[in-house]
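Colleague: Next up is a structure, given as structure tokens.
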Amino acid sequence: MSKNLVIEIKDRQFELFIKEETILNSINRISKQIRTDLHDKNPLFVCVLNGAFMFASDLMKQLDFPCEIAFIRLKSYQGTASVGVIREVHGLIEDVQNRNVVILEDIIDTGHTIEYLIQSTLAKQPESLRIATLLFKPEALQADIKADYVAMEIPNDFIVGYGLDYDGYGRNLKDIYKIKE
């Protein structure tokens with residue numbers, strides 16, 4: 001079965017950008033780093049919904065040591081743009097005090113969402129806090145943050161697929177597509 005090079009979602013066209021195999025290889029690479037750093041720390045992974053669910057699933061399959069996963073849901077996008085306001089839809093209910101916490105994010109672009117998560121998690125006094133992201137857009141970064149584990153750096157294009165969406169659509173795509181201008 002051939003992969004579509006251009007797809008249409010709602011009123012926009014997107015072109016193939018990153019194939020599933022490349023995504024999985026990148027996740028495998030950072031899973032080895034995480035395994036080295038945290039294999040004896042019983043970490044709590046916090047998956048940021050909705051976008052990071054595929055990343056979290058594939059990453060967790062690679063971790064062969066005791067760990068837990070929790071989920072939170074934030075909203076900061078409408079259409080193809082960040083609205084600048086972060087809204088907590090489903091907060092973290094697990095106790096993170098004295099735990100080694102790793103936030104799993106789908107993408108860090110402006111950095112405002114992850115900055116919000118870092119501040120709110122540190123207020124709960126974890127033993128340590130690390131950030132793992134599938135995608136990082138260094139050109140878009142506006143916050144003073146640094147991810148500990150970055151699967152891939154990408155340019156500042158709007159993308160969909162592999163958990164990322166355009167107005168709720170496209171999360172189910174195995175590959176990542178970028179908007180076609």
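To be explicit about the labels: the chains of the structure tokens are called A, B, and onward in the order shown, and within each one the residues are counted from 1, while ligands get numbers from 1 in the order they are shown.
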Can I get the residues of region 97-177 of chain A within 8 Å of region 40-44 of chain A, each with the closest pair of atoms and their distance in Å to one decimal, using only C-alpha atoms, sorted chain first then ascending number, as JSON lines?
Modeller:
{"residue": "A:Arg99", "atom": "CA", "partner": "A:Pro43", "partner_atom": "CA", "distance": 6.6}
{"residue": "A:Asn100", "atom": "CA", "partner": "A:Pro43", "partner_atom": "CA", "distance": 4.8}
{"residue": "A:Val101", "atom": "CA", "partner": "A:Leu44", "partner_atom": "CA", "distance": 4.9}
{"residue": "A:Val102", "atom": "CA", "partner": "A:Leu44", "partner_atom": "CA", "distance": 6.3}
Colleague: Pull the closest atom pair for each residue of region 140-180 of chain A that gets at most 7 Å from region 1-15 of chain A, along with the distance in Å to one decimal, counting only C-alpha atoms, ordering rows by chain and then ascending residue number, as a tab-separated table.
Modeller:
residue	atom	partner	partner_atom	distance
A:Tyr169	CA	A:Ile9	CA	6.9
A:Tyr177	CA	A:Glu15	CA	5.2
A:Lys178	CA	A:Phe14	CA	5.2
A:Ile179	CA	A:Phe14	CA	4.3
A:Lys180	CA	A:Phe14	CA	4.9
Colleague: Deliver the residues from the most recent selection as a file, using N, CA and C atoms, as a CSV table (one decimal), in the first residue's frame.
Modeller:
chain,number,residue,atom,x,y,z
A,169,TYR,N,-8.8,16.8,13.8
A,169,TYR,CA,-8.6,15.8,12.8
A,169,TYR,C,-7.1,15.5,12.5
A,177,TYR,N,2.6,15.0,8.8
A,177,TYR,CA,2.4,15.8,7.5
A,177,TYR,C,2.6,17.3,7.9
A,178,LYS,N,3.1,18.1,7.0
A,178,LYS,CA,3.2,19.5,7.3
A,178,LYS,C,2.3,20.2,6.3
A,179,ILE,N,1.8,21.4,6.7
A,179,ILE,CA,0.9,22.2,5.9
A,179,ILE,C,1.5,22.6,4.6
A,180,LYS,N,0.7,22.5,3.6
A,180,LYS,CA,1.2,22.8,2.2
A,180,LYS,C,0.8,24.2,1.9
Colleague: Write out as a PyMOL selection string the set of residues from region 35-161 of chain A that DSSP, computed on the backbone, places in strand (DSSP E or B).
Modeller: chain A and resi 44-49+68-78+81-90+100-108+128-136+149-153+159-161
Colleague: I'd like the interatomic distance between CA of Leu173 (chain A) and CA of Asn50 (chain A), to a tenth of an Å.
Modeller: 13.9 Å
Colleague: Give me the residues near region 118-130 of chain A as JSON, numbers by chain, where near means some atom within 10 Å (using only C-alpha atoms) and where sequence neighbours in that chain fewer than 3 positions away do not count.
Modeller: {"A": [34, 41, 43, 44, 45, 92, 95, 96, 97, 98, 99, 100, 101, 102, 103, 104, 112, 113, 114, 115, 145, 146, 147, 148, 149]}
